[in-house]
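Raw coords-v1.pdb, PDB, C-alpha atoms and all ligand atoms:
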```
MODEL        1
ATOM      1  CA  MET A   1       0.000   0.000   0.000
ATOM      2  CA  ASN A   2       1.176   3.484  -0.903
ATOM      3  CA  SER A   3       2.444   5.188   2.248
ATOM      4  CA  ILE A   4       3.927   8.637   2.883
ATOM      5  CA  THR A   5       5.453  10.586   5.731
ATOM      6  CA  VAL A   6       4.178  14.010   6.775
ATOM      7  CA  ARG A   7       6.300  15.593   9.476
ATOM      8  CA  ASP A   8       6.824  12.817  12.033
ATOM      9  CA  LYS A   9       3.867  10.586  11.104
ATOM     10  CA  GLU A  10       3.252   7.858   8.550
ATOM     11  CA  PHE A  11       0.076   7.836   6.483
ATOM     12  CA  VAL A  12      -1.399   5.294   4.074
ATOM     13  CA  SER A  13      -3.362   5.956   0.895
ATOM     14  CA  TYR A  14      -7.108   6.093   1.582
ATOM     15  CA  LEU A  15      -8.985   7.971  -1.176
ATOM     16  CA  THR A  16      -7.343   8.467  -4.552
ATOM     17  CA  GLU A  17      -7.539  11.577  -6.675
ATOM     18  CA  ASP A  18      -9.802   9.648  -9.092
ATOM     19  CA  GLN A  19     -12.224   8.565  -6.374
ATOM     20  CA  ILE A  20     -12.420  12.118  -5.039
ATOM     21  CA  GLN A  21     -13.002  13.631  -8.472
ATOM     22  CA  GLN A  22     -15.686  11.075  -9.379
ATOM     23  CA  ARG A  23     -17.569  11.802  -6.170
ATOM     24  CA  ILE A  24     -17.303  15.547  -6.757
ATOM     25  CA  VAL A  25     -18.923  15.137 -10.177
ATOM     26  CA  LYS A  26     -21.910  13.471  -8.440
ATOM     27  CA  LEU A  27     -22.144  16.173  -5.774
ATOM     28  CA  ALA A  28     -22.071  18.828  -8.500
ATOM     29  CA  GLU A  29     -24.961  17.070 -10.280
ATOM     30  CA  GLU A  30     -27.045  17.180  -7.079
ATOM     31  CA  LEU A  31     -26.230  20.852  -6.503
ATOM     32  CA  THR A  32     -27.046  21.673 -10.121
ATOM     33  CA  THR A  33     -30.514  20.124  -9.740
ATOM     34  CA  ASP A  34     -31.173  21.775  -6.384
ATOM     35  CA  TYR A  35     -29.799  25.268  -7.080
ATOM     36  CA  LYS A  36     -30.465  25.949 -10.754
ATOM     37  CA  ASP A  37     -31.962  29.460 -11.101
ATOM     38  CA  LYS A  38     -31.407  30.217  -7.381
ATOM     39  CA  ASN A  39     -28.087  32.079  -7.719
ATOM     40  CA  PRO A  40     -26.627  30.340  -4.654
ATOM     41  CA  LEU A  41     -23.764  31.832  -2.666
ATOM     42  CA  PHE A  42     -21.165  29.112  -2.034
ATOM     43  CA  ILE A  43     -18.993  29.859   0.983
ATOM     44  CA  GLY A  44     -15.779  27.884   1.400
ATOM     45  CA  VAL A  45     -14.291  27.511   4.866
ATOM     46  CA  LEU A  46     -10.542  28.149   4.681
ATOM     47  CA  ASN A  47      -7.976  26.708   4.762
ATOM     48  CA  GLY A  48      -9.012  23.085   4.460
ATOM     49  CA  SER A  49     -11.693  23.429   1.784
ATOM     50  CA  PHE A  50      -9.674  25.189  -0.902
ATOM     51  CA  MET A  51      -9.144  22.183  -3.186
ATOM     52  CA  PHE A  52     -12.670  20.866  -2.699
ATOM     53  CA  VAL A  53     -14.180  24.272  -3.519
ATOM     54  CA  ALA A  54     -12.046  24.671  -6.647
ATOM     55  CA  ASP A  55     -12.799  21.200  -8.027
ATOM     56  CA  LEU A  56     -16.510  21.318  -7.136
ATOM     57  CA  MET A  57     -16.990  24.761  -8.686
ATOM     58  CA  LYS A  58     -15.317  23.634 -11.916
ATOM     59  CA  GLN A  59     -18.033  20.979 -12.270
ATOM     60  CA  LEU A  60     -20.892  23.471 -11.838
ATOM     61  CA  SER A  61     -22.245  25.471 -14.736
ATOM     62  CA  ILE A  62     -25.170  27.129 -12.911
ATOM     63  CA  ASP A  63     -25.181  30.830 -12.129
ATOM     64  CA  CYS A  64     -23.644  31.247  -8.656
ATOM     65  CA  GLU A  65     -21.289  33.272  -6.492
ATOM     66  CA  ILE A  66     -18.314  32.022  -4.482
ATOM     67  CA  ALA A  67     -16.846  33.463  -1.290
ATOM     68  CA  PHE A  68     -14.528  32.313   1.466
ATOM     69  CA  ILE A  69     -14.455  32.677   5.221
ATOM     70  CA  ARG A  70     -11.934  31.734   7.836
ATOM     71  CA  LEU A  71     -12.733  30.669  11.383
ATOM     72  CA  SER A  72     -10.665  31.549  14.406
ATOM     73  CA  SER A  73     -11.217  30.882  18.089
ATOM     74  CA  TYR A  74     -12.048  33.934  20.147
ATOM     75  CA  ALA A  75      -8.913  34.969  21.995
ATOM     76  CA  GLY A  76      -8.807  35.910  25.658
ATOM     77  CA  MET A  77     -12.165  34.583  26.795
ATOM     78  CA  GLU A  78     -12.465  31.896  29.413
ATOM     79  CA  SER A  79     -14.268  28.631  28.734
ATOM     80  CA  THR A  80     -15.015  29.482  25.133
ATOM     81  CA  GLY A  81     -12.014  27.717  23.660
ATOM     82  CA  ASN A  82     -14.091  26.203  20.893
ATOM     83  CA  VAL A  83     -16.232  29.192  19.992
ATOM     84  CA  LYS A  84     -15.285  30.257  16.516
ATOM     85  CA  GLN A  85     -15.234  33.756  15.094
ATOM     86  CA  VAL A  86     -16.115  34.109  11.416
ATOM     87  CA  LEU A  87     -13.629  36.275   9.515
ATOM     88  CA  GLY A  88     -13.618  37.674   6.018
ATOM     89  CA  LEU A  89     -17.302  37.723   5.076
ATOM     90  CA  GLN A  90     -17.856  40.593   2.618
ATOM     91  CA  ASP A  91     -21.090  39.444   1.047
ATOM     92  CA  ASN A  92     -24.629  40.221   2.083
ATOM     93  CA  VAL A  93     -26.236  36.961   3.158
ATOM     94  CA  PHE A  94     -29.784  38.246   3.699
ATOM     95  CA  GLY A  95     -32.282  36.560   1.394
ATOM     96  CA  ARG A  96     -29.617  34.385  -0.251
ATOM     97  CA  HIS A  97     -29.382  30.636  -0.710
ATOM     98  CA  ILE A  98     -26.190  29.743   1.155
ATOM     99  CA  VAL A  99     -24.163  26.560   0.771
ATOM    100  CA  LEU A 100     -21.264  26.169   3.203
ATOM    101  CA  LEU A 101     -18.371  24.167   1.747
ATOM    102  CA  GLU A 102     -16.267  22.331   4.326
ATOM    103  CA  ASP A 103     -13.456  19.807   4.123
ATOM    104  CA  ILE A 104     -14.474  17.596   7.046
ATOM    105  CA  VAL A 105     -17.127  17.390   9.742
ATOM    106  CA  ASP A 106     -15.899  15.635  12.860
ATOM    107  CA  SER A 107     -17.811  16.467  16.103
ATOM    108  CA  GLY A 108     -19.915  18.968  14.138
ATOM    109  CA  LEU A 109     -19.235  21.800  16.586
ATOM    110  CA  THR A 110     -17.501  24.003  14.016
ATOM    111  CA  MET A 111     -20.337  23.724  11.519
ATOM    112  CA  GLU A 112     -23.015  24.145  14.200
ATOM    113  CA  GLN A 113     -21.481  27.476  15.208
ATOM    114  CA  THR A 114     -20.933  28.542  11.611
ATOM    115  CA  VAL A 115     -24.527  27.767  10.637
ATOM    116  CA  ALA A 116     -25.754  29.755  13.684
ATOM    117  CA  PHE A 117     -23.660  32.737  12.570
ATOM    118  CA  PHE A 118     -25.282  32.692   9.134
ATOM    119  CA  GLU A 119     -28.814  31.990  10.373
ATOM    120  CA  ASP A 120     -28.643  35.245  12.359
ATOM    121  CA  ARG A 121     -28.126  37.091   9.079
ATOM    122  CA  GLY A 122     -31.390  36.034   7.453
ATOM    123  CA  PRO A 123     -30.494  33.783   4.520
ATOM    124  CA  LYS A 124     -33.315  32.270   2.466
ATOM    125  CA  SER A 125     -31.800  28.827   2.978
ATOM    126  CA  ILE A 126     -28.627  27.314   4.323
ATOM    127  CA  GLU A 127     -27.093  23.906   3.657
ATOM    128  CA  ILE A 128     -23.736  22.242   4.268
ATOM    129  CA  ALA A 129     -21.694  20.391   1.668
ATOM    130  CA  THR A 130     -18.771  18.562   3.239
ATOM    131  CA  LEU A 131     -16.292  16.379   1.410
ATOM    132  CA  LEU A 132     -15.745  14.137   4.444
ATOM    133  CA  LEU A 133     -17.837  13.149   7.453
ATOM    134  CA  LYS A 134     -16.859  11.040  10.462
ATOM    135  CA  PRO A 135     -20.317   9.780  11.509
ATOM    136  CA  GLU A 136     -19.016   8.033  14.648
ATOM    137  CA  SER A 137     -17.621  11.340  15.985
ATOM    138  CA  LEU A 138     -20.656  13.464  15.178
ATOM    139  CA  GLU A 139     -22.147  14.928  18.371
ATOM    140  CA  LYS A 140     -24.297  17.718  16.989
ATOM    141  CA  ASP A 141     -27.707  17.555  15.389
ATOM    142  CA  LEU A 142     -26.619  18.975  12.059
ATOM    143  CA  SER A 143     -28.412  18.755   8.754
ATOM    144  CA  LEU A 144     -25.744  17.476   6.352
ATOM    145  CA  LYS A 145     -27.409  17.354   2.957
ATOM    146  CA  TYR A 146     -24.320  16.898   0.791
ATOM    147  CA  VAL A 147     -21.617  14.508   2.000
ATOM    148  CA  GLY A 148     -18.802  13.259  -0.214
ATOM    149  CA  PHE A 149     -17.535  10.337   1.851
ATOM    150  CA  GLU A 150     -18.344   8.897   5.260
ATOM    151  CA  ILE A 151     -15.040   7.854   6.821
ATOM    152  CA  PRO A 152     -13.939   6.131  10.036
ATOM    153  CA  GLU A 153     -12.716   8.020  13.112
ATOM    154  CA  LYS A 154      -9.086   8.181  11.977
ATOM    155  CA  PHE A 155      -6.998  11.266  11.254
ATOM    156  CA  VAL A 156      -6.695  12.069   7.543
ATOM    157  CA  VAL A 157      -4.436  14.376   5.579
ATOM    158  CA  GLY A 158      -4.144  15.643   1.999
ATOM    159  CA  TYR A 159      -6.383  17.352  -0.554
ATOM    160  CA  GLY A 160      -6.492  20.523   1.551
ATOM    161  CA  LEU A 161      -6.400  18.816   4.959
ATOM    162  CA  ASP A 162      -3.258  19.318   6.995
ATOM    163  CA  TYR A 163      -1.222  17.684   9.669
ATOM    164  CA  ASP A 164       0.518  20.416  11.658
ATOM    165  CA  GLY A 165       0.239  22.737   8.669
ATOM    166  CA  HIS A 166       1.673  20.237   6.204
ATOM    167  CA  GLY A 167       0.237  17.886   3.583
ATOM    168  CA  ARG A 168      -2.474  20.168   2.187
ATOM    169  CA  ASN A 169      -0.939  19.973  -1.290
ATOM    170  CA  LEU A 170      -1.338  16.197  -1.658
ATOM    171  CA  LYS A 171      -3.724  15.150  -4.454
ATOM    172  CA  ASP A 172      -4.971  12.050  -2.601
ATOM    173  CA  ILE A 173      -6.294  11.660   0.930
ATOM    174  CA  TYR A 174      -4.215   9.607   3.378
ATOM    175  CA  GLN A 175      -5.099   8.001   6.704
ATOM    176  CA  LEU A 176      -2.862   7.886   9.768
ATOM    177  CA  LYS A 177      -1.106   4.531   9.948
ATOM    178  CA  GLU A 178      -1.919   2.430  13.014
ATOM    179  CA  GLY A 179       0.643   1.854  15.712
TER     180      GLY A 179
HETATM  181  P1  LIG B 201     -15.449  19.591  14.327
HETATM  182  O1  LIG B 201     -15.744  20.960  14.856
HETATM  183  O2  LIG B 201     -16.493  19.048  13.387
HETATM  184  O3  LIG B 201     -15.140  18.615  15.440
HETATM  185  O4  LIG B 201     -14.084  19.688  13.582
HETATM  186  C1  LIG B 201     -13.960  20.110  12.320
HETATM  187  C2  LIG B 201     -12.533  20.547  12.034
HETATM  188  O5  LIG B 201     -11.575  19.701  12.689
HETATM  189  C3  LIG B 201     -12.243  20.438  10.571
HETATM  190  O6  LIG B 201     -12.594  21.609   9.869
HETATM  191  C4  LIG B 201     -10.756  20.181  10.575
HETATM  192  O7  LIG B 201     -10.065  21.398  10.631
HETATM  193  C5  LIG B 201     -10.492  19.419  11.839
HETATM  194  N1  LIG B 201     -10.421  17.952  11.609
HETATM  195  C6  LIG B 201     -11.267  17.010  12.080
HETATM  196  N2  LIG B 201     -10.878  15.768  11.716
HETATM  197  C7  LIG B 201      -9.754  15.940  10.969
HETATM  198  C8  LIG B 201      -8.880  15.021  10.288
HETATM  199  O8  LIG B 201      -9.040  13.793  10.283
HETATM  200  N3  LIG B 201      -7.825  15.582   9.624
HETATM  201  C9  LIG B 201      -7.584  16.915   9.592
HETATM  202  N4  LIG B 201      -6.525  17.340   8.911
HETATM  203  N5  LIG B 201      -8.401  17.814  10.224
HETATM  204  C10 LIG B 201      -9.471  17.323  10.903
HETATM  205 MG    MG B 202     -12.332  22.675   7.951
ENDMDL
END
```
Please lay out the structure from this file as structure tokens.
Amino acid sequence: MNSITVRDKEFVSYLTEDQIQQRIVKLAEELTTDYKDKNPLFIGVLNGSFMFVADLMKQLSIDCEIAFIRLSSYAGMESTGNVKQVLGLQDNVFGRHIVLLEDIVDSGLTMEQTVAFFEDRGPKSIEIATLLLKPESLEKDLSLKYVGFEIPEKFVVGYGLDYDGHGRNLKDIYQLKEG
């Protein structure tokens, strides 16, 4: 099996570039059906989603807009270590059909907070499209309409996802090697 090293850890091949691209074509077909004539605003969550957003958008020919946000934890507040601040939103969300584009949903906390941020701003609709989902880790009652792959509770890297800042440039997705 194809294995690589990122920093101090070994990873094994899990999803190939071909598998990812084929699944993205299917997701784009679903989005095309659901959002034709709705001028959706796709919002990618940086940094992890950058490859997913680029490849998904290339498969869409409907009229749409694309934006990016970045999440950061609030600094200097006690017991809110996981509360995320949404940075970089320039677009007016009111009355728009919003689709959040995320690399991976793990516990679901990040997306729960992000959805709440957008719901406060009066969108017409809001959905999540995530390339990866770890169903066994999911703790939040999130509506996840578009999911690329359901994966086990193991750390993955590549295709935008990092380990300690590294590995985002890999074309395939790799799983942490056991032991
Ligand atoms: P959640 O809030 O759903 O628990 O976590 C979501 C975030 O955790 C993702 O956006 C991602 O940054 C990080 N994350 C969760 N699982 C993985 C993983 O297996 N690999 C990488 N690189 N990041 C992960
Ligand atoms: Mg992410």
Using only C-alpha atoms and all ligand atoms, I'd like a table of the residues in chain A that come within 8 Å of ligand MG 202 (chain B); for each, show the closest atom pair and its distance in Å rounded to one decimal, ordered by chain and ascending number, as a tab-separated table.
```
residue	atom	partner	partner_atom	distance
A:Val45	CA	B:MG202	MG	6.1
A:Leu46	CA	B:MG202	MG	6.6
A:Asn47	CA	B:MG202	MG	6.7
A:Gly48	CA	B:MG202	MG	4.8
A:Ser49	CA	B:MG202	MG	6.2
A:Glu102	CA	B:MG202	MG	5.4
A:Asp103	CA	B:MG202	MG	4.9
A:Ile104	CA	B:MG202	MG	5.6
A:Val105	CA	B:MG202	MG	7.4
A:Leu161	CA	B:MG202	MG	7.7
```
Build an axis-aligned box that encloses every atom of ligand LIG 201 (chain B) listed in the file, pad it by 6 Å on each side, and report its centre and edge lengths in Å to one decimal, as lines of an AutoDock Vina configuration file.
```
center_x = -11.5
center_y = 17.7
center_z = 12.2
size_x = 22.0
size_y = 19.8
size_z = 18.5
```
Counting all atoms listed in the file, the residue of A:Leu142, A:Ile69, A:Ile151, A:Met111 that sits nearest Ile173 of chain A: A:Ile151
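For Tyr14 of chain A, the non-local neighbours within 8 Å, defined as residues at least 4 positions apart in the same chain or in other chains and counting all atoms listed in the file, are A:Asp172, A:Ile173, A:Tyr174, A:Gln175.
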Residue IDs satisfying the PyMOL selection byres (((chain A and resi 31) around 12) and not hetatm), as a ChimeraX atom specification: /A:24-30,32-42,56-57,59-64,97-99,101,127-129,145-147
Output check: residues returned by the PyMOL selection byres (((chain A and resi 156) around 10) and not hetatm), as a ChimeraX atom specification: /A:11-15,104,132,151-155,157-159,161-163,167,173-177
